[in-house]
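Trainee: Take this structure, written in structure tokens, and hold onto it; I'll ask about it next.
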There are 4 protein chains.
Amino acid sequence: MLVVMNRDAVQADVDAVCEAIRALGYEPVPMPGAQRTAVGLVGNDGQVDGSHIAAMAGVAQVLNVSKPYKQVSREWKDEPTVVEIAPGVRIGGDSVAIMAGPCSVESEEQILLAARQVRAAGACALRGGAFKPRSSPYSFQGLGKRGLELLALARAETGLAIVTEAMDDAGAHLVAEYADCIQIGARNMQNYSLLRTVGRIGKPVLLKRGMAATIHDFLLSAEYILAEGNPHVILCERGVRSFDPAVRNLFDLTAIPLVHKMSHLPIVADPSHGTGLRDQVRPMARAALAAGADGLLIEVHPNPDRALSDGAQSMYPQQFADLVAELGPIAAAIGRTLTPAPSVSDVTDRTGHGTGPGTARVAIG
Amino acid sequence: MLVVMNRDAVQADVDAVCEAIRALGYEPVPMPGAQRTAVGLVGNDGQVDGSHIAAMAGVAQVLNVSKPYKQVSREWKDEPTVVEIAPGVRIGGDSVAIMAGPCSVESEEQILLAARQVRAAGACALRGGAFKPRSSPYSFQGLGKRGLELLALARAETGLAIVTEAMDDAGAHLVAEYADCIQIGARNMQNYSLLRTVGRIGKPVLLKRGMAATIHDFLLSAEYILAEGNPHVILCERGVRSFDPAVRNLFDLTAIPLVHKMSHLPIVADPSHGTGLRDQVRPMARAALAAGADGLLIEVHPNPDRALSDGAQSMYPQQFADLVAELGPIAAAIGRTLTPAPSVSDVTDRTGHGTGPGTARVAIG
Amino acid sequence: MLVVMNRDAVQADVDAVCEAIRALGYEPVPMPGAQRTAVGLVGNDGQVDGSHIAAMAGVAQVLNVSKPYKQVSREWKDEPTVVEIAPGVRIGGDSVAIMAGPCSVESEEQILLAARQVRAAGACALRGGAFKPRSSPYSFQGLGKRGLELLALARAETGLAIVTEAMDDAGAHLVAEYADCIQIGARNMQNYSLLRTVGRIGKPVLLKRGMAATIHDFLLSAEYILAEGNPHVILCERGVRSFDPAVRNLFDLTAIPLVHKMSHLPIVADPSHGTGLRDQVRPMARAALAAGADGLLIEVHPNPDRALSDGAQSMYPQQFADLVAELGPIAAAIGRTLTPAPSVSDVTDRTGHGTGPGTARVAIG
Amino acid sequence: MLVVMNRDAVQADVDAVCEAIRALGYEPVPMPGAQRTAVGLVGNDGQVDGSHIAAMAGVAQVLNVSKPYKQVSREWKDEPTVVEIAPGVRIGGDSVAIMAGPCSVESEEQILLAARQVRAAGACALRGGAFKPRSSPYSFQGLGKRGLELLALARAETGLAIVTEAMDDAGAHLVAEYADCIQIGARNMQNYSLLRTVGRIGKPVLLKRGMAATIHDFLLSAEYILAEGNPHVILCERGVRSFDPAVRNLFDLTAIPLVHKMSHLPIVADPSHGTGLRDQVRPMARAALAAGADGLLIEVHPNPDRALSDGAQSMYPQQFADLVAELGPIAAAIGRTLTPAPSVSDVTDRTGHGTGPGTARVAIG
């Protein structure tokens, strides 16, 4: 922490700041300059909450030097974390995982067809919502537990790993029983109670960036999960609020290299929510991969024109297949490969998967 | 809903859109123009989820005409709602409620002293956090249930109504037992499970606007509470994300007249979080009142330099008293009055308050 | 400037940073800490452009301590600047100036009627565009020089001071001949050539904040004008870009106390552009005054339903009169008074006004 | 235009809106619905400025259906425009142009060395500022005309096309004499006088997106240039304002497919300004190409640690060469090729280039 004084700050102001720093248990180091004095703080192990000093007499600004997150940082662990959400389905490192499927699970027929289609095109995981956070209380809210059962059925048939969202504590425990990876949506990124719960459950978590979350906020939310002893966290960029009504969200791909610089955690990208319109999903999925994403989350629906939610941003199955065909060469150009789909025989091994932290098969590379 | 076609859309495109509207159960009304055709939709009672139409061939844009919220709107109920959180402590209508207190409940001594100070200066309600949502898992998280007990103690002594935050379902039930009004923080504005819970509890709710929530999103979140049968909702503007690092948040006072135009619910303002620095609280509290706020939420700490959280934005007790003295004449200039503090004798009546929806004493004006 | 090193930075990295600081002509002060080293820079008079250091090996962050603006800052000049744009029409200090009029000058009849109406209601200056910056090249662009002549006619009749916008160098010289104060619009806030030109002309300048300008950017643009020797600068908050399509702009009233804290220049507010809709102008004009604005810029049109531009945000004359009646008591509540309109007889003295820097009658309070 | 009425609007309100539409010269089409009436407008050729209708009694909302820009739109011209800024240096269509060089021209030695380095690595154009728009009036402002002479010298030696910024009318004419393409910076995107000037000059223009410009605003600014008869416009995404201080700007790559959908003009991307830090330039340059950019603008400096401006975001020459090596395969994966550098012998043909609109060799593909 560095406290910058005003030019006209008097010695008593500087003394008071030094005293306040000592009251926090640290040592102040005044540095008189040509124009103004600054007071450094020595001896801290992590960030100091000295916000009250910002309002003291003669203080111009308080600059935080240390970061308030620890376990998620590159300084804490230098090698990249690889999260294995199901046997062979690794996210992070050299492999890039394509996770695809409909916005919502709507019926057995729909989800099985979607699973077969995305697997055939090259996906290694199936995404689909059983619990849907909708802005309006009157919109379709998902099939709930029945949706989870249908996702498990799709896994049994195709071998695909299952990623699906939980919206509260009860839902998180239920999702953990059925799925391979618990998704926390953008609206709940700072629902700290829920973050602690999934931290304690111990299963892999896919944490989506909030609508107005800085990278700093995003990493702090991940820290809540790691602080409970669960290191299996995958971050996900899905677009932030924009001033431009032409797009649903502003897809912030620079978040990818930034997270890779600041953290060891893998980060995937969701161009479907990131753009909101099918036409933009193809170029932006390519762009996310080229920017270094460790995976892609893409909405594909067997019949987007009849989708119960997010129809406009869901790809047709053939469009998705064409996209995956483009992604291979781009991955190769930057030294990466697409994660292959798991074989169905692996599913047998997954019986009983998700009953507790002990069963999470996650390798930290 | 209005579907605007591209200039080069062919008749088959228009026909397909008409068919899609019919499939949703409505009647399409094509309107050929000089440059392009538009297709209106007739027969809807509320908003239609026609997002998939946006991506159909020949479609330029889909415009929503109806609003997706109902019960919170002025069109649903024209007269302003007045929420009475404790006997005589009314929010909405002509009276303006000043709610003040420290960011966190820290100790018996601190909260009792704060309660006496803010009551003496003119507040009618005491605010203070027992459960604190902190960006970092390593920051002070509040005293929990002990904090609620201390707030109840402060109420018993001063008669002030109590407003405090809940962060999850269990916390909401606990807060409902001890406090007069359950606050939902900005980070949980779209935590729909929690909104449903406080909707079912039935006690008055103070709902803070999310960091990047549009007014539309904000009203939809309130709709979740009303949809569960709880009409006692107070909205709160507390600043949104800004691109300017010079401020903690961008305090959006235009939200006040906008909400008053679109909804019958009362809206208060929190200049402490809205600005983040004590110096700005005074002018911006005045501005919020002049903009038409139905109440103010202000952080005051007996000793801000020793506060465990948000010290920089907490006012000194004397500053707060000076501010309230300025507020009276401004309220008078726009035909309003400051809500007086309840008398201590009223507290007796509140024994057992908060044990269920049946006990909520809330008047809908 | 403070250079914060990574935790794993080696001594050679620190040495290289010290060397780079010396190459800039300053003295480095390394400060080893428990977790990481920081290197301070001593001896600078103003901000140092050390952006290249941010990308050196082992550097985590470069924090700027000094501000890059000088003459606009409170540290440079502590007492508030009062700009007198016409005899008695002072902006800053205790008096609050109401400047009103139509978006565009449309005809002699329209501008004379508007001038009489706003003067009668209590305005001391007339605003109205002769040169209009319109987003579309096909929109009405203003009457140009003829518009300036009509504004001068309105001044001759009513005594009101004239504020009008210039969009380029030629326009600035023309405006300086006819008007009392040259307005620079939000779109040109960083048009540095134009800022230099109005700096050299020497007449009072009303500088509007850009759509996405931080307070820091805003003050730096004002610095361009002062750096050319023209201290007669009035800042104007007029709303910034918002993510919420419900409003035209996000009116950032906290900018007012912030500017007052950081700079000695006066700042006025424009609730008409700041909100974009007539209904919001009244509460937000009151709010701006309560927040400490040194003046208000309000669009009033004799017949808003027939306005050639910005009809939706222009007030009806009677609405404006009602608003001004509310403003007086609010000003009194915070110890200020509304600037009275100049008498017509003063206009005679203004013959020849605006022919060069020498004639600017501006008092620095 | 569609005027949506409130639910409680009375017939007289609807009639008044119809009358206002007739007063604008169009025909109103009232459409009574189950809940509310909407009034369509028929007969317009382009957007109608009916903003005053938004504030009429009973009106809930005015929706614009037509776009206010014309010549830049895909509907106006379907095939993509290819701008040839110098013989063989085409931007748009299948070829992707790499334009590179230092932020500022600093000396003959520096610019010649930079030109040789970027040409050797694969650039086809040299970028470098002679006139620099700097936020602070006290920062290095560029070498001016001397800088242009040095750029011309670099062209003579290397054959590279020259792209450089103009900040005002005089500068635009000067740049047109020396360079192949006039850059308009983000701060001047809505400097309509300057846009008209470069429209009249007729030379290729590279127009950068403003800090808070929507795609709509961006296209309207381009329309100003086309409206003066100059179709040779290249758009450039360079990042927009973000709420996250971790990045200098938020690089909005979705703008690329969006512009391609809405307009026939080519769009290039500037990852150097778009990210602000050298480490992010490499992944984000790849991402921009994968998103469909028609070219890249990249800052490269022979010695970034000694750069007079923007040192932190300038690449080292070897980094740039490594980047270009990665770009080839990505371009191939999406069916595009990198534009080769022009041969020096072509420069002879360019003698006299840039003396007027007549010499612009631009092909509209």
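All residue names refer to the structure tokens as shown: chains lettered A, B, ... in order, residues numbered from 1 in each chain, ligands numbered from 1 in order.
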Range 187-360 of chain D: which residues are alpha helix (DSSP H) by DSSP, as a ChimeraX atom specification?
Mentor: /D:192-201,215-227,255-262,271-275,278-291,317-333,345-349
Trainee: When the cut-off is 8 Å and we count only C-alpha atoms, which residues of chain D are near chain C, given as a PyMOL selection string?
Mentor: chain D and resi 49+51-56+68-69+133+135-137+167-168+187-188+190-193+211-212+217+220-221+223-224+227+241+277-278+304-307+309-313
Trainee: Per DSSP on the backbone, filter range 213-243 of chain D down to the residues in strand (DSSP E) and report them as a ChimeraX atom specification.
Mentor: /D:233-237
Trainee: I'd like the contact shell of Leu297 in chain C - 8 Å cut-off, only C-alpha atoms, skipping same-chain residues fewer than 2 positions apart - returned as a ChimeraX atom specification.
Mentor: /C:98-100,127,268-272,295,299
Trainee: Report as a PyMOL selection string all protein, DNA and RNA residues lying within 6 Å of range 323-340 of chain B, evaluated on only C-alpha atoms, omitting residues in the same chain fewer than 3 positions from it.
Mentor: (chain B and resi 94-97+124+320) or (chain C and resi 329-330+333)
Trainee: Could you check how far CA of Val281 in chain A sits from CA of Ala291 in chain D, in Å to one decimal?
Mentor: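 CA of Ala291 in chain D lies 9.7 Å from CA of Val281 in chain A.
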Trainee: So how far away is CA of Val198 in chain A from CA of His173 in chain B, in Å?
Mentor: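 Between these atoms lies a distance of 21.8 Å.
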Trainee: Each residue of range 191-287 of chain D with at least one atom at most 10 Å from range 74-90 of chain D should appear once, together with its nearest atom pair and the corresponding distance in Å (one decimal); atoms considered: only C-alpha atoms; ordering: chain, then increasing residue number; output as JSON lines.
Mentor:
{"residue": "D:Lys203", "atom": "CA", "partner": "D:Ile85", "partner_atom": "CA", "distance": 8.4}
{"residue": "D:Pro204", "atom": "CA", "partner": "D:Ile85", "partner_atom": "CA", "distance": 6.2}
{"residue": "D:Val205", "atom": "CA", "partner": "D:Ile85", "partner_atom": "CA", "distance": 8.9}
{"residue": "D:Leu206", "atom": "CA", "partner": "D:Ile85", "partner_atom": "CA", "distance": 9.9}
{"residue": "D:Pro231", "atom": "CA", "partner": "D:Thr81", "partner_atom": "CA", "distance": 8.5}
{"residue": "D:His232", "atom": "CA", "partner": "D:Val83", "partner_atom": "CA", "distance": 5.7}
{"residue": "D:Val233", "atom": "CA", "partner": "D:Val83", "partner_atom": "CA", "distance": 7.2}
{"residue": "D:Ile234", "atom": "CA", "partner": "D:Val83", "partner_atom": "CA", "distance": 7.2}
{"residue": "D:Val259", "atom": "CA", "partner": "D:Arg74", "partner_atom": "CA", "distance": 9.4}
{"residue": "D:His260", "atom": "CA", "partner": "D:Pro80", "partner_atom": "CA", "distance": 8.3}
{"residue": "D:Lys261", "atom": "CA", "partner": "D:Arg74", "partner_atom": "CA", "distance": 7.2}
{"residue": "D:Met262", "atom": "CA", "partner": "D:Arg74", "partner_atom": "CA", "distance": 5.5}
{"residue": "D:Ser263", "atom": "CA", "partner": "D:Arg74", "partner_atom": "CA", "distance": 4.5}
{"residue": "D:His264", "atom": "CA", "partner": "D:Pro80", "partner_atom": "CA", "distance": 4.4}
{"residue": "D:Leu265", "atom": "CA", "partner": "D:Thr81", "partner_atom": "CA", "distance": 5.2}
{"residue": "D:Pro266", "atom": "CA", "partner": "D:Thr81", "partner_atom": "CA", "distance": 6.3}
Trainee: Since we have the selection now, will you write its residues out, keeping all heavy atoms, as a CSV table (one decimal), in the first residue's frame?
Mentor:
chain,number,residue,atom,x,y,z
D,203,LYS,N,-8.7,11.2,-50.7
D,203,LYS,CA,-7.7,10.1,-50.5
D,203,LYS,C,-8.2,9.0,-49.6
D,203,LYS,O,-9.1,9.3,-48.8
D,203,LYS,CB,-6.5,10.7,-49.8
D,203,LYS,CG,-5.4,11.2,-50.8
D,203,LYS,CD,-4.1,10.8,-50.3
D,203,LYS,CE,-3.1,10.8,-51.5
D,203,LYS,NZ,-1.8,10.5,-51.1
D,204,PRO,N,-7.7,7.8,-49.6
D,204,PRO,CA,-8.1,6.8,-48.7
D,204,PRO,C,-8.0,7.3,-47.2
D,204,PRO,O,-7.1,8.0,-46.9
D,204,PRO,CB,-7.2,5.6,-48.9
D,204,PRO,CG,-6.8,5.8,-50.3
D,204,PRO,CD,-6.7,7.3,-50.6
D,205,VAL,N,-9.0,6.9,-46.4
D,205,VAL,CA,-9.1,7.4,-45.0
D,205,VAL,C,-9.2,6.1,-44.2
D,205,VAL,O,-10.0,5.2,-44.4
D,205,VAL,CB,-10.3,8.3,-44.8
D,205,VAL,CG1,-10.5,8.6,-43.3
D,205,VAL,CG2,-10.2,9.5,-45.7
D,206,LEU,N,-8.4,6.1,-43.1
D,206,LEU,CA,-8.5,5.0,-42.1
D,206,LEU,C,-9.2,5.7,-40.9
D,206,LEU,O,-8.6,6.6,-40.2
D,206,LEU,CB,-7.2,4.4,-41.8
D,206,LEU,CG,-7.2,3.2,-40.9
D,206,LEU,CD1,-6.1,2.2,-41.2
D,206,LEU,CD2,-7.1,3.6,-39.4
D,231,PRO,N,-15.4,7.4,-51.4
D,231,PRO,CA,-15.8,6.0,-50.9
D,231,PRO,C,-14.7,5.2,-50.3
D,231,PRO,O,-14.9,4.1,-49.9
D,231,PRO,CB,-16.3,5.4,-52.2
D,231,PRO,CG,-15.4,6.0,-53.3
D,231,PRO,CD,-15.1,7.4,-52.8
D,232,HIS,N,-13.5,5.8,-50.3
D,232,HIS,CA,-12.3,5.0,-49.9
D,232,HIS,C,-12.1,5.0,-48.4
D,232,HIS,O,-11.1,5.6,-47.9
D,232,HIS,CB,-11.1,5.5,-50.6
D,232,HIS,CG,-11.3,5.9,-52.1
D,232,HIS,ND1,-12.0,5.0,-52.9
D,232,HIS,CD2,-11.1,7.0,-52.8
D,232,HIS,CE1,-12.1,5.5,-54.1
D,232,HIS,NE2,-11.6,6.7,-54.1
D,233,VAL,N,-13.0,4.4,-47.7
D,233,VAL,CA,-12.9,4.5,-46.2
D,233,VAL,C,-12.6,3.1,-45.6
D,233,VAL,O,-13.3,2.1,-46.0
D,233,VAL,CB,-14.2,5.0,-45.6
D,233,VAL,CG1,-14.2,5.0,-44.1
D,233,VAL,CG2,-14.5,6.4,-46.1
D,234,ILE,N,-11.6,3.0,-44.8
D,234,ILE,CA,-11.3,1.8,-44.0
D,234,ILE,C,-11.6,2.1,-42.5
D,234,ILE,O,-11.2,3.1,-42.0
D,234,ILE,CB,-9.8,1.5,-44.1
D,234,ILE,CG1,-9.4,1.4,-45.6
D,234,ILE,CG2,-9.4,0.3,-43.3
D,234,ILE,CD1,-7.9,1.6,-45.8
D,259,VAL,N,-19.7,-5.1,-38.3
D,259,VAL,CA,-19.5,-4.2,-39.4
D,259,VAL,C,-19.7,-4.9,-40.7
D,259,VAL,O,-20.3,-4.4,-41.6
D,259,VAL,CB,-18.2,-3.4,-39.2
D,259,VAL,CG1,-17.8,-2.8,-40.6
D,259,VAL,CG2,-18.2,-2.4,-38.1
D,260,HIS,N,-19.1,-6.1,-40.8
D,260,HIS,CA,-19.2,-6.8,-42.1
D,260,HIS,C,-20.7,-7.1,-42.4
D,260,HIS,O,-21.0,-7.2,-43.6
D,260,HIS,CB,-18.4,-8.1,-42.0
D,260,HIS,CG,-16.9,-7.8,-42.3
D,260,HIS,ND1,-15.9,-8.7,-41.8
D,260,HIS,CD2,-16.3,-6.8,-42.9
D,260,HIS,CE1,-14.8,-8.2,-42.2
D,260,HIS,NE2,-14.9,-7.1,-42.8
D,261,LYS,N,-21.5,-7.3,-41.4
D,261,LYS,CA,-22.9,-7.6,-41.6
D,261,LYS,C,-23.7,-6.3,-42.0
D,261,LYS,O,-24.5,-6.4,-42.9
D,261,LYS,CB,-23.5,-8.1,-40.3
D,261,LYS,CG,-24.9,-8.6,-40.5
D,261,LYS,CD,-25.5,-9.1,-39.2
D,261,LYS,CE,-26.9,-9.6,-39.3
D,261,LYS,NZ,-27.5,-9.9,-38.0
D,262,MET,N,-23.3,-5.2,-41.4
D,262,MET,CA,-24.1,-4.0,-41.6
D,262,MET,C,-23.6,-3.1,-42.8
D,262,MET,O,-24.3,-2.3,-43.3
D,262,MET,CB,-24.1,-3.2,-40.3
D,262,MET,CG,-24.9,-3.9,-39.2
D,262,MET,SD,-24.4,-3.2,-37.5
D,262,MET,CE,-25.4,-1.7,-37.5
D,263,SER,N,-22.3,-3.3,-43.1
D,263,SER,CA,-21.7,-2.4,-44.1
D,263,SER,C,-20.8,-3.1,-45.0
D,263,SER,O,-20.3,-4.2,-44.8
D,263,SER,CB,-20.8,-1.3,-43.3
D,263,SER,OG,-20.1,-0.5,-44.2
D,264,HIS,N,-20.5,-2.5,-46.2
D,264,HIS,CA,-19.6,-3.1,-47.2
D,264,HIS,C,-18.2,-2.6,-47.0
D,264,HIS,O,-17.3,-3.0,-47.7
D,264,HIS,CB,-20.1,-2.7,-48.6
D,264,HIS,CG,-20.3,-1.2,-48.8
D,264,HIS,ND1,-19.3,-0.3,-49.1
D,264,HIS,CD2,-21.4,-0.4,-48.6
D,264,HIS,CE1,-19.8,0.9,-49.1
D,264,HIS,NE2,-21.1,0.9,-48.8
D,265,LEU,N,-18.0,-1.7,-46.1
D,265,LEU,CA,-16.6,-1.1,-45.9
D,265,LEU,C,-15.7,-2.1,-45.2
D,265,LEU,O,-16.2,-2.9,-44.4
D,265,LEU,CB,-16.7,0.2,-45.0
D,265,LEU,CG,-17.4,1.3,-45.7
D,265,LEU,CD1,-17.5,2.5,-44.7
D,265,LEU,CD2,-16.8,1.8,-47.0
D,266,PRO,N,-14.4,-2.1,-45.5
D,266,PRO,CA,-13.5,-3.0,-44.8
D,266,PRO,C,-13.2,-2.5,-43.4
D,266,PRO,O,-13.3,-1.3,-43.1
D,266,PRO,CB,-12.2,-2.9,-45.7
D,266,PRO,CG,-12.3,-1.6,-46.4
D,266,PRO,CD,-13.8,-1.3,-46.6
Trainee: CA of Pro342 in chain B to CA of Met284 in chain B: how many Å, to one decimal?
Mentor: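 Distance reported for this atom pair: 25.8 Å.
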Trainee: In terms of the shortest atom-to-atom distance over only C-alpha atoms, which of A:Leu153, A:Met31, A:Val300, A:Leu63 is closest to Gly128 in chain A?
Mentor: A:Val300
Trainee: Any idea what's packed within 10 Å of Val105 in chain D, counting only C-alpha atoms, ignoring anything in its chain fewer than 4 positions away? Could you give it as a list in words?
Mentor: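 Counting only C-alpha atoms, the residues come to Gly101, Glu109, Gln110, Ile111, Leu112, Ala114, Arg127, Gly128, Gly129, Ala130, Phe131, Lys132, Gly142, Leu143, Gly144, Arg146, Gly147, Leu148, Leu150, Leu151, Thr164, His301, Ala307, Leu308 and Ser309 of chain D.
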Trainee: Just to be explicit: take each residue in the selection above, keep C-alpha atoms, and write the result as a tab-separated table (two decimals), in the first residue's frame.
Mentor:
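What follows is the written file out28.tsv:
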chain	number	residue	atom	x	y	z
D	101	GLY	CA	5.58	0.77	-37.30
D	109	GLU	CA	17.43	6.60	-38.19
D	110	GLN	CA	14.51	5.29	-36.13
D	111	ILE	CA	11.88	5.36	-38.88
D	112	LEU	CA	14.11	3.90	-41.57
D	114	ALA	CA	11.57	0.42	-38.27
D	127	ARG	CA	2.34	3.40	-39.75
D	128	GLY	CA	3.86	6.15	-37.60
D	129	GLY	CA	2.66	9.44	-36.20
D	130	ALA	CA	3.92	12.84	-37.26
D	131	PHE	CA	1.05	14.65	-35.52
D	132	LYS	CA	0.22	13.06	-32.17
D	142	GLY	CA	5.19	14.68	-32.81
D	143	LEU	CA	7.68	16.06	-35.36
D	144	GLY	CA	4.97	17.54	-37.60
D	146	ARG	CA	9.43	16.89	-40.67
D	147	GLY	CA	7.88	13.60	-39.59
D	148	LEU	CA	5.94	13.40	-42.86
D	150	LEU	CA	10.81	11.13	-42.99
D	151	LEU	CA	7.86	8.82	-43.70
D	164	THR	CA	-0.41	8.51	-40.74
D	301	HIS	CA	9.57	0.03	-32.38
D	307	ALA	CA	10.22	5.07	-27.30
D	308	LEU	CA	9.01	8.65	-26.86
D	309	SER	CA	5.39	7.43	-26.64
Trainee: Hey, what's within 7 Å of Gly274 in chain C if we count only C-alpha atoms and toss same-chain stuff fewer than 5 positions away? As a list in words, please?
Mentor: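 Contacts, with the query itself left out: Arg238, Gly239, Asn249, Leu250 and Phe251 of chain C.
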